[in-house]
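Trainee: Sharing structure-v2.cif below, mmCIF, C-alpha atoms and all ligand atoms:
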```cif
data_query
loop_
_atom_site.label_atom_id
_atom_site.label_comp_id
_atom_site.auth_asym_id
_atom_site.auth_seq_id
_atom_site.Cartn_x
_atom_site.Cartn_y
_atom_site.Cartn_z
CA MET A 1444 0.00 0.00 0.00
CA SER A 1445 2.77 2.47 0.86
CA ASP A 1446 4.30 2.06 -2.65
CA LEU A 1447 0.89 2.73 -4.20
CA ILE A 1448 0.45 5.84 -2.06
CA GLU A 1449 3.89 7.12 -3.01
CA THR A 1450 3.10 6.57 -6.73
CA LEU A 1451 -0.30 8.24 -6.36
CA ARG A 1452 1.28 11.27 -4.66
CA LYS A 1453 3.62 11.68 -7.64
CA THR A 1454 1.00 11.13 -10.36
CA SER A 1455 -1.88 13.06 -8.77
CA ARG A 1456 0.39 15.94 -7.73
CA GLY A 1457 -2.18 16.48 -4.96
CA GLU A 1458 -3.40 15.17 -1.63
CA VAL A 1459 -3.48 11.39 -1.06
CA SER A 1460 -4.75 10.10 2.31
CA GLU A 1461 -5.67 6.74 3.80
CA GLN A 1462 -8.78 5.85 5.83
CA VAL A 1463 -10.52 9.18 5.41
CA ALA A 1464 -13.85 9.68 7.21
CA LEU A 1465 -16.41 10.75 4.62
CA ALA A 1466 -19.41 11.75 6.78
CA SER A 1467 -18.21 15.35 7.08
CA ARG A 1468 -17.74 15.47 3.29
CA THR A 1469 -21.44 14.91 2.64
CA SER A 1470 -24.25 17.30 3.50
CA VAL A 1471 -26.24 14.69 5.51
CA ARG A 1472 -23.11 13.77 7.49
CA VAL A 1473 -23.46 9.98 7.71
CA GLY A 1474 -21.35 7.05 6.50
CA GLY A 1475 -17.97 5.41 6.92
CA ALA A 1476 -14.48 6.00 5.59
CA ALA A 1477 -12.77 5.75 2.22
CA LYS A 1478 -9.79 3.44 2.00
CA LEU A 1479 -8.05 6.13 -0.02
CA LEU A 1480 -8.86 9.73 -0.86
CA VAL A 1481 -7.10 11.35 -3.81
CA ARG A 1482 -7.36 14.96 -5.00
CA PRO A 1483 -5.50 15.22 -8.32
CA ARG A 1484 -4.20 18.69 -9.17
CA ASP A 1485 -5.50 19.00 -12.74
CA PRO A 1486 -7.14 16.95 -15.54
CA GLU A 1487 -3.84 15.50 -16.78
CA SER A 1488 -2.88 14.39 -13.26
CA LEU A 1489 -6.33 12.85 -12.90
CA VAL A 1490 -5.83 10.73 -16.05
CA ALA A 1491 -2.45 9.57 -14.74
CA THR A 1492 -4.03 8.79 -11.35
CA LEU A 1493 -6.79 6.71 -12.98
CA GLY A 1494 -4.10 4.77 -14.87
CA VAL A 1495 -2.26 3.98 -11.63
CA LEU A 1496 -5.49 2.91 -9.89
CA ALA A 1497 -6.45 0.75 -12.89
CA ASP A 1498 -3.06 -0.96 -12.94
CA ALA A 1499 -3.24 -1.54 -9.17
CA GLY A 1500 -6.80 -2.92 -9.40
CA VAL A 1501 -8.22 -0.25 -7.07
CA PRO A 1502 -11.81 0.80 -7.93
CA TRP A 1503 -12.84 4.44 -7.52
CA PHE A 1504 -15.82 6.68 -6.92
CA THR A 1505 -16.07 10.42 -7.56
CA LEU A 1506 -17.46 12.60 -4.82
CA GLY A 1507 -18.34 16.21 -5.53
CA GLY A 1508 -19.80 18.36 -2.76
CA GLY A 1509 -21.63 15.33 -1.32
CA ALA A 1510 -24.97 17.20 -1.39
CA ASN A 1511 -26.79 14.28 -3.02
CA THR A 1512 -24.83 11.32 -1.70
CA ILE A 1513 -25.35 8.90 1.18
CA ILE A 1514 -22.22 6.90 1.94
CA GLY A 1515 -22.80 3.49 3.58
CA ASP A 1516 -21.63 2.94 7.15
CA GLY A 1517 -19.08 0.42 5.83
CA GLY A 1518 -17.47 3.21 3.80
CA ILE A 1519 -15.86 2.89 0.38
CA ASP A 1520 -13.66 -0.07 -0.41
CA GLY A 1521 -11.55 1.76 -2.93
CA ALA A 1522 -10.45 5.27 -3.74
CA VAL A 1523 -12.61 8.36 -3.51
CA ILE A 1524 -11.58 10.94 -6.05
CA ARG A 1525 -12.40 14.55 -5.32
CA ILE A 1526 -11.99 17.29 -7.85
CA ALA A 1527 -10.70 20.43 -6.17
CA PRO A 1528 -12.44 23.81 -6.68
CA ASP A 1529 -9.32 25.16 -8.46
CA PHE A 1530 -8.77 22.09 -10.64
CA CYS A 1531 -9.14 24.20 -13.85
CA SER A 1532 -9.39 27.93 -14.41
CA ASP A 1533 -12.78 29.42 -15.33
CA GLU A 1534 -12.99 30.53 -18.98
CA ILE A 1535 -15.40 32.92 -20.66
CA GLU A 1536 -15.71 33.09 -24.44
CA GLU A 1537 -17.79 35.77 -26.17
CA LEU A 1538 -20.64 34.82 -28.52
CA GLY A 1539 -22.98 37.11 -30.47
CA ASP A 1540 -25.73 37.53 -27.86
CA GLY A 1541 -24.03 35.90 -24.91
CA PHE A 1542 -21.04 33.83 -23.93
CA THR A 1543 -19.88 30.36 -23.06
CA VAL A 1544 -18.50 29.63 -19.62
CA THR A 1545 -16.21 26.66 -19.04
CA MET A 1546 -15.61 25.61 -15.45
CA GLY A 1547 -13.79 22.83 -13.69
CA ALA A 1548 -16.03 20.06 -12.32
CA GLY A 1549 -14.96 20.84 -8.75
CA ALA A 1550 -16.05 24.49 -8.89
CA PRO A 1551 -18.80 25.18 -6.33
CA SER A 1552 -22.23 25.71 -7.89
CA GLY A 1553 -22.41 29.12 -6.14
CA ARG A 1554 -19.28 30.27 -7.99
CA PHE A 1555 -20.85 29.23 -11.29
CA VAL A 1556 -23.98 31.30 -10.54
CA SER A 1557 -21.91 34.33 -9.40
CA LEU A 1558 -19.64 34.23 -12.45
CA VAL A 1559 -22.63 34.17 -14.81
CA ARG A 1560 -24.22 37.06 -12.91
CA GLU A 1561 -20.99 39.12 -13.13
CA GLN A 1562 -21.11 38.64 -16.91
CA ASN A 1563 -24.75 39.87 -17.00
CA GLY A 1564 -25.94 36.41 -18.02
CA VAL A 1565 -29.55 35.35 -17.44
CA GLY A 1566 -31.37 32.04 -17.19
CA LEU A 1567 -29.04 30.13 -14.88
CA ALA A 1568 -29.74 31.91 -11.56
CA SER A 1569 -33.48 31.31 -11.85
CA TRP A 1570 -33.01 27.58 -11.17
CA ALA A 1571 -29.42 27.07 -9.94
CA SER A 1572 -29.42 29.52 -7.01
CA GLY A 1573 -29.74 27.57 -3.79
CA ILE A 1574 -28.61 24.19 -5.20
CA PRO A 1575 -25.51 23.17 -3.20
CA GLY A 1576 -22.65 21.10 -4.63
CA THR A 1577 -20.21 21.30 -7.50
CA VAL A 1578 -20.45 21.84 -11.24
CA GLY A 1579 -19.58 18.13 -11.73
CA GLY A 1580 -22.43 17.11 -9.43
CA MET A 1581 -24.81 19.48 -11.25
CA VAL A 1582 -24.02 17.76 -14.56
CA ALA A 1583 -24.03 14.20 -13.17
CA MET A 1584 -27.44 14.77 -11.56
CA ASN A 1585 -28.79 17.13 -14.23
CA ALA A 1586 -29.63 19.29 -11.22
CA GLY A 1587 -32.49 21.70 -11.49
CA THR A 1588 -35.93 22.86 -10.42
CA PRO A 1589 -39.22 23.26 -12.30
CA SER A 1590 -37.72 26.55 -13.66
CA GLY A 1591 -34.86 24.83 -15.49
CA SER A 1592 -31.96 22.41 -15.26
CA MET A 1593 -28.38 21.90 -16.35
CA ALA A 1594 -29.64 20.38 -19.62
CA ASP A 1595 -30.93 23.85 -20.63
CA CYS A 1596 -27.47 25.40 -20.85
CA LEU A 1597 -24.93 22.56 -21.06
CA GLU A 1598 -23.08 22.42 -24.38
CA ALA A 1599 -20.28 19.92 -23.75
CA VAL A 1600 -18.27 18.21 -21.03
CA GLU A 1601 -14.73 16.96 -20.78
CA VAL A 1602 -14.34 13.55 -19.12
CA ALA A 1603 -11.33 11.62 -17.90
CA THR A 1604 -10.73 7.88 -18.09
CA PRO A 1605 -7.46 5.96 -17.68
CA ASP A 1606 -7.04 6.42 -21.47
CA GLY A 1607 -7.14 10.20 -21.52
CA LEU A 1608 -9.40 13.25 -21.77
CA THR A 1609 -12.33 13.44 -24.19
CA TRP A 1610 -14.91 16.14 -24.96
CA LEU A 1611 -18.50 14.96 -25.38
CA GLY A 1612 -21.44 17.02 -26.62
CA ALA A 1613 -24.31 17.36 -24.12
CA ASP A 1614 -26.52 15.48 -26.61
CA LYS A 1615 -24.47 12.34 -25.82
CA LEU A 1616 -25.41 12.41 -22.12
CA LYS A 1617 -29.15 11.55 -22.38
CA LEU A 1618 -29.98 14.32 -19.93
CA SER A 1619 -33.48 14.16 -18.45
CA TYR A 1620 -35.12 14.78 -15.07
CA ARG A 1621 -32.25 14.26 -12.53
CA HIS A 1622 -30.60 11.86 -14.98
CA CYS A 1623 -27.34 11.89 -16.95
CA GLU A 1624 -25.52 8.99 -18.60
CA LEU A 1625 -21.75 9.32 -18.51
CA PRO A 1626 -19.51 6.69 -20.09
CA ARG A 1627 -18.92 3.98 -17.45
CA GLY A 1628 -16.34 5.09 -14.90
CA ALA A 1629 -15.72 8.45 -16.61
CA ILE A 1630 -15.05 11.42 -14.37
CA LEU A 1631 -16.21 14.88 -15.40
CA THR A 1632 -13.34 17.34 -15.50
CA ARG A 1633 -14.89 20.41 -17.18
CA ALA A 1634 -18.33 21.58 -18.26
CA ARG A 1635 -19.09 24.21 -20.88
CA CYS A 1636 -22.38 26.08 -20.80
CA LYS A 1637 -23.93 28.59 -23.16
CA ILE A 1638 -25.49 31.61 -21.47
CA ARG A 1639 -27.50 34.52 -22.90
CA ARG A 1640 -26.84 38.12 -21.81
CA GLY A 1641 -29.92 39.87 -20.46
CA SER A 1642 -31.02 43.52 -20.31
CA GLU A 1643 -30.85 45.37 -16.99
CA ALA A 1644 -34.63 44.98 -16.56
CA GLU A 1645 -34.44 41.26 -17.26
CA ARG A 1646 -31.61 40.79 -14.77
CA ALA A 1647 -33.44 42.75 -12.06
CA HIS A 1648 -36.57 40.66 -12.68
CA GLU A 1649 -34.53 37.44 -12.38
CA GLN A 1650 -32.90 38.62 -9.14
CA ARG A 1651 -36.30 39.35 -7.60
CA ALA A 1652 -37.51 35.86 -8.57
CA VAL A 1653 -34.32 34.32 -7.08
CA ARG A 1654 -34.83 36.16 -3.77
CA LEU A 1655 -38.42 34.89 -3.58
CA ASP A 1656 -37.30 31.36 -4.40
CA LEU A 1657 -34.57 31.41 -1.73
CA ASP A 1658 -37.08 32.75 0.85
CA LYS A 1659 -39.44 29.92 -0.11
CA ARG A 1660 -36.63 27.35 0.31
CA ARG A 1661 -35.77 28.77 3.75
CA SER A 1662 -39.38 28.54 4.92
CA SER A 1663 -40.22 25.14 3.40
CA GLN A 1664 -36.95 23.14 3.64
CA PRO A 1665 -34.97 22.07 6.75
CA LEU A 1666 -31.88 24.06 5.73
CA THR A 1667 -30.51 24.36 9.28
CA GLN A 1668 -30.24 20.57 9.71
CA PRO A 1669 -27.88 18.20 7.82
CA ASN A 1670 -29.76 16.64 4.88
CA SER A 1671 -29.17 15.59 1.28
CA GLY A 1672 -31.93 17.56 -0.43
CA SER A 1673 -34.91 15.75 -1.93
CA VAL A 1674 -34.57 12.07 -1.12
CA PHE A 1675 -36.91 10.88 -3.91
CA VAL A 1676 -37.57 12.09 -7.41
CA ASN A 1677 -41.14 13.24 -7.92
CA PRO A 1678 -43.29 10.56 -9.56
CA LEU A 1679 -44.92 11.74 -12.80
CA GLY A 1680 -47.73 14.19 -11.99
CA ASN A 1681 -47.21 13.98 -8.23
CA PHE A 1682 -44.90 15.11 -5.43
CA ALA A 1683 -42.90 12.66 -3.32
CA GLY A 1684 -43.16 14.97 -0.28
CA ARG A 1685 -46.93 15.15 -0.53
CA LEU A 1686 -47.23 11.34 -0.81
CA ILE A 1687 -44.92 10.74 2.18
CA GLU A 1688 -46.82 13.30 4.25
CA ALA A 1689 -50.16 11.73 3.25
CA ALA A 1690 -48.79 8.37 4.47
CA GLY A 1691 -48.45 10.02 7.91
CA LEU A 1692 -44.65 9.92 8.02
CA LYS A 1693 -43.67 13.53 8.74
CA GLY A 1694 -41.52 13.42 11.89
CA ALA A 1695 -40.98 9.61 11.75
CA ARG A 1696 -37.66 8.66 13.36
CA ARG A 1697 -35.17 5.83 13.08
CA GLY A 1698 -32.17 6.20 15.37
CA GLY A 1699 -30.75 9.67 14.81
CA ALA A 1700 -32.52 10.31 11.49
CA GLN A 1701 -35.93 11.86 10.95
CA ILE A 1702 -38.31 12.52 8.08
CA SER A 1703 -38.32 16.29 8.27
CA THR A 1704 -41.27 17.90 10.01
CA LYS A 1705 -40.85 20.80 7.54
CA HIS A 1706 -40.74 18.89 4.24
CA ALA A 1707 -41.50 15.16 4.05
CA ASN A 1708 -39.16 14.57 1.07
CA PHE A 1709 -36.16 15.51 3.24
CA ILE A 1710 -34.48 13.21 5.79
CA VAL A 1711 -32.52 15.12 8.41
CA ASN A 1712 -29.68 14.01 10.66
CA LEU A 1713 -30.60 14.98 14.22
CA GLY A 1714 -26.96 14.64 15.29
CA GLU A 1715 -25.97 11.01 15.63
CA ALA A 1716 -27.61 9.39 12.60
CA THR A 1717 -26.01 6.49 10.77
CA ALA A 1718 -26.43 5.71 7.08
CA ASN A 1719 -28.50 2.70 8.18
CA ASP A 1720 -30.94 5.00 10.04
CA VAL A 1721 -31.37 7.01 6.83
CA VAL A 1722 -31.84 3.83 4.76
CA GLU A 1723 -34.51 2.59 7.18
CA LEU A 1724 -36.47 5.81 6.68
CA ILE A 1725 -36.03 5.59 2.90
CA LEU A 1726 -37.50 2.06 3.01
CA LEU A 1727 -40.29 3.12 5.38
CA ALA A 1728 -41.30 5.89 2.96
CA MET A 1729 -41.09 3.63 -0.12
CA ARG A 1730 -43.11 0.82 1.47
CA SER A 1731 -45.72 3.09 3.09
CA VAL A 1732 -46.37 5.07 -0.12
CA LYS A 1733 -46.61 1.83 -2.11
CA ASN A 1734 -49.19 0.49 0.38
CA ALA A 1735 -51.15 3.72 0.70
CA ALA A 1736 -51.11 5.01 -2.89
CA SER A 1737 -49.75 2.14 -5.05
CA ILE A 1738 -46.96 4.46 -6.23
CA GLU A 1739 -43.29 3.44 -6.31
CA LEU A 1740 -40.90 6.08 -5.06
CA HIS A 1741 -37.39 6.12 -6.55
CA PRO A 1742 -34.48 7.61 -4.63
CA GLU A 1743 -32.87 10.71 -6.14
CA VAL A 1744 -30.02 10.46 -3.61
CA ARG A 1745 -27.06 8.28 -4.54
CA LEU A 1746 -26.49 5.35 -2.16
CA VAL A 1747 -22.77 4.69 -2.38
CA GLY A 1748 -20.34 2.13 -0.98
CA THR A 1749 -20.83 -0.60 1.62
CA PHE A 1750 -24.07 -0.61 3.59
CA THR A 1751 -24.34 -2.63 6.80
CA PRO A 1752 -26.68 -4.46 6.87
CA ALA A 1753 -26.69 -4.89 3.07
CA LEU A 1754 -29.33 -2.94 1.14
CA PRO A 1755 -32.55 -4.90 0.45
CA PRO A 1756 -33.48 -5.82 -3.16
CA GLU A 1757 -35.76 -2.79 -3.70
CA LEU A 1758 -32.73 -0.51 -3.35
CA HIS A 1759 -30.29 -2.54 -5.47
CA ALA A 1760 -31.02 -0.54 -8.62
CA PHE A 1761 -30.01 2.66 -6.81
CA HIS A 1762 -26.85 1.33 -5.20
CA ARG A 1763 -23.49 2.43 -6.59
CA LEU A 1764 -20.20 0.73 -5.97
CA PRO A 1765 -16.79 2.08 -6.92
CA VAL A 1766 -15.85 1.29 -10.53
CA LEU A 1767 -12.67 -0.14 -11.95
CA LEU A 1768 -11.77 0.67 -15.56
CA ALA A 1769 -8.73 -0.86 -17.19
CA ARG A 1770 -6.53 1.17 -19.53
CA THR A 1771 -7.26 0.30 -23.13
CA ALA A 1772 -4.91 2.66 -24.97
CA ALA A 1773 -1.15 2.47 -24.85
CA ALA A 1774 -0.70 6.20 -24.39
CA PRO A 1775 -3.05 8.80 -22.88
CA ARG A 1776 -4.97 10.73 -25.52
CA LYS A 1777 -6.30 14.25 -25.34
CA GLU A 1778 -9.06 15.28 -27.69
CA THR A 1779 -9.54 18.93 -28.39
CA ASN A 1780 -12.43 21.03 -27.26
CA PRO A 1781 -15.13 20.86 -30.01
C1 LIG B 1801 -30.49 21.62 0.92
C2 LIG B 1801 -30.39 20.98 -0.43
C3 LIG B 1801 -31.18 21.44 -1.47
C4 LIG B 1801 -31.08 20.85 -2.74
N1 LIG B 1801 -31.87 21.33 -3.74
C5 LIG B 1801 -31.76 20.77 -4.97
C6 LIG B 1801 -32.56 21.26 -6.05
O1 LIG B 1801 -33.35 22.20 -5.93
N2 LIG B 1801 -32.41 20.66 -7.26
C7 LIG B 1801 -31.55 19.63 -7.46
O2 LIG B 1801 -31.44 19.12 -8.60
N3 LIG B 1801 -30.79 19.16 -6.46
C8 LIG B 1801 -30.87 19.70 -5.22
N4 LIG B 1801 -30.10 19.21 -4.20
C9 LIG B 1801 -29.21 18.05 -4.43
C10 LIG B 1801 -27.77 18.45 -4.82
O3 LIG B 1801 -27.51 19.77 -4.43
C11 LIG B 1801 -27.55 18.32 -6.34
O4 LIG B 1801 -27.82 17.01 -6.78
C12 LIG B 1801 -26.10 18.67 -6.69
O5 LIG B 1801 -25.99 18.85 -8.08
C13 LIG B 1801 -25.12 17.61 -6.21
O6 LIG B 1801 -23.81 18.10 -6.45
P1 LIG B 1801 -22.59 17.49 -5.62
O7 LIG B 1801 -21.34 18.05 -6.19
O8 LIG B 1801 -22.79 17.71 -4.17
O9 LIG B 1801 -22.74 15.96 -5.99
P2 LIG B 1801 -22.38 14.67 -5.10
O10 LIG B 1801 -23.45 14.45 -4.10
O11 LIG B 1801 -20.99 14.74 -4.61
O12 LIG B 1801 -22.47 13.55 -6.22
C14 LIG B 1801 -23.71 13.23 -6.82
C15 LIG B 1801 -23.44 12.26 -7.98
O13 LIG B 1801 -22.69 12.97 -8.96
C16 LIG B 1801 -21.49 12.25 -9.24
N5 LIG B 1801 -20.42 13.21 -9.51
C17 LIG B 1801 -20.06 14.28 -8.77
N6 LIG B 1801 -19.01 14.90 -9.34
C18 LIG B 1801 -18.69 14.18 -10.44
C19 LIG B 1801 -17.67 14.29 -11.42
N7 LIG B 1801 -16.75 15.26 -11.41
N8 LIG B 1801 -17.64 13.34 -12.40
C20 LIG B 1801 -18.54 12.33 -12.45
N9 LIG B 1801 -19.53 12.19 -11.54
C21 LIG B 1801 -19.59 13.09 -10.54
C22 LIG B 1801 -21.18 11.43 -8.00
O14 LIG B 1801 -20.38 10.32 -8.32
C23 LIG B 1801 -22.59 11.06 -7.54
O15 LIG B 1801 -23.03 9.93 -8.26
C24 LIG B 1801 -30.18 19.78 -2.94
C25 LIG B 1801 -29.36 19.33 -1.88
C26 LIG B 1801 -29.46 19.92 -0.65
C27 LIG B 1801 -28.58 19.42 0.47
#
```
Once more with this new file: its structure as structure tokens, please.

Mentor:
Amino acid sequence: MSDLIETLRKTSRGEVSEQVALASRTSVRVGGAAKLLVRPRDPESLVATLGVLADAGVPWFTLGGGANTIIGDGGIDGAVIRIAPDFCSDEIEELGDGFTVTMGAGAPSGRFVSLVREQNGVGLASWASGIPGTVGGMVAMNAGTPSGSMADCLEAVEVATPDGLTWLGADKLKLSYRHCELPRGAILTRARCKIRRGSEAERAHEQRAVRLDLDKRRSSQPLTQPNSGSVFVNPLGNFAGRLIEAAGLKGARRGGAQISTKHANFIVNLGEATANDVVELILLAMRSVKNAASIELHPEVRLVGTFTPALPPELHAFHRLPVLLARTAAAPRKETNP
């Protein structure tokens, strides 16, 4: 292991640590440790790092801001790769009536919104303000609200695999409601979005709408307690929160976790929750809504790593384990930005 760590330190040119507790790296603050945590310095170092992990047979998982992820209490048997906020520099390119903005996948979503606002861009703030996490997480989840989502502005992404860096058009990602299909094991390194410039009146109108939306979030969501946002995607034509509330589950507790008394589609950590407590509430909500309304709820949150006890069959489709990709090319390739 110490040889591997030494090699990873050289190739990643960044932080490499062993047995890193992950709970504090997710917004709901539950879960175990990662065997290894690696923060490569830039996209090229990331490709080299993936090559080393592939050769050593160590699977990996990418964690962004952890705002949509529940790590199992058994942690991650492999490497967690985190993309730092300064992994790539932000780039603005002028277009006729707007601009493109290219940001590193580790950039905080708030920085993305601020940068677009500084450039007098419109459209993004109306849905992205108030969504925590990173640009990589926003793409991987196609984050959004009823006012819009990443799919509305995303033009292309750069991804890393052990073979190199490749740009993919957004049309290749099958973006839909909280869904994005990346090539297996690929890690997002950069995202490029197209933004329109708005008039002063349009920008002022958008800012007023954003303030109202943030006030609404503060009054309707448990933002002062650790949580991972909406636990379930909304079933077609319905709201998961409304269904869970109708099943009488607001305030239900398992160990240190609770179905929020403010919004039934949020599970909060009251202080000492385990991932298993959260999973028990997820199952309680799924089973109760199925019994009461014959509707199947599907988790929006990502259940990652080793759960103890193991997840039951109804959650298998939503369970993610670290991935191992072998190198296929002899030399790393870098495709140019389309
Ligand atoms: C209070 C609160 C409110 C929220 N409100 C909303 C909302 O209104 N709308 C909404 O859509 N979401 C919302 N969320 C959920 C969350 O903010 C979004 O899903 C966000 O985009 C997750 O980003 P992240 O960086 O934290 O992702 P993470 O939780 O770290 O990761 C989520 C998934 O993305 C993958 N991923 C992350 N980075 C990369 C990368 N570089 N390459 C490949 N895969 C990657 C991870 O592997 C994981 O599968 C909310 C969450 C909270 C806590």

Trainee: Choose the residue, out of A:Thr1632, A:Ser1470, A:Ser1445, A:Ser1731, that has the smallest atom-to-atom separation from A:Ile1710; count only C-alpha atoms.

Mentor: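 Result for the nearest residue to A:Ile1710: A:Ser1470.
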
Trainee: Give me the residues within 10 Å of stretch 1565-1577 of chain A as an NGL selection string, counting all atoms listed in the file and dropping any in the same chain fewer than 5 places off.

Mentor: :A and (1469-1470 or 1506-1511 or 1526-1528 or 1541 or 1547-1557 or 1559-1560 or 1582-1583 or 1586-1593 or 1595-1596 or 1636-1642 or 1645-1654 or 1656-1657 or 1660-1661 or 1671-1672)

Trainee: Out of A:Ala1497, A:Ala1689, A:Ile1448, A:Ala1603, which residue has the shortest atom-to-atom distance to ligand LIG 1801 (chain B) when counting only C-alpha atoms and all ligand atoms?

Mentor: A:Ala1603

Trainee: Within 7 Å of A:Arg1763, counting all atoms listed in the file, which residues qualify if same-chain residues fewer than 4 places away don't, as a PDB file with C-alpha atoms, keeping the file's coordinate frame?

Mentor:
```pdb
ATOM      1  CA  LEU A1746     -26.490   5.350  -2.160  1.00  0.00           C
ATOM      2  CA  VAL A1747     -22.770   4.690  -2.380  1.00  0.00           C
ATOM      3  CA  GLY A1748     -20.340   2.130  -0.980  1.00  0.00           C
TER       4      GLY A1748
END
```

Trainee: For a quick check of understanding, using all atoms listed in the file, which of A:Pro1678, A:Gly1691, A:Gly1474, A:Gly1580 has the smallest distance to A:Ser1737?

Mentor: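 Nearest candidate to A:Ser1737 out of A:Pro1678, A:Gly1691, A:Gly1474, A:Gly1580: A:Pro1678.
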
Trainee: Please determine, counting only C-alpha atoms, which residue among A:Lys1705, A:Arg1697, A:Arg1468, A:His1759 has the shortest atom-to-atom distance to A:Thr1717.

Mentor: A:Arg1697

Trainee: What is the distance, in Å and to one decimal place, between atom CA of A:Thr1543 and atom CA of A:Ala1594?

Mentor: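 Atom-to-atom, atom CA of A:Thr1543 and atom CA of A:Ala1594 are spaced 14.4 Å apart.
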
Trainee: Work out how far apart atom C3 of ligand LIG 1801 (chain B) and atom CA of A:Asn1712 are and give it in Å to one decimal.

Mentor: 14.3 Å

Trainee: Restricting the calculation to only C-alpha atoms and all ligand atoms: of A:Val1744, A:Met1444, A:Leu1451, A:Ile1702, which residue gets closest to ligand LIG 1801 (chain B)?

Mentor: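 The answer is A:Val1744, which sits nearest to ligand LIG 1801 (chain B).
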
Trainee: Between A:Val1602, A:Ala1683, A:Ala1522, A:Leu1479, which residue has the minimum interatomic distance to ligand LIG 1801 (chain B), considering all atoms listed in the file?

Mentor: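 Counting all atoms listed in the file, the residue closest to ligand LIG 1801 (chain B) is A:Val1602.
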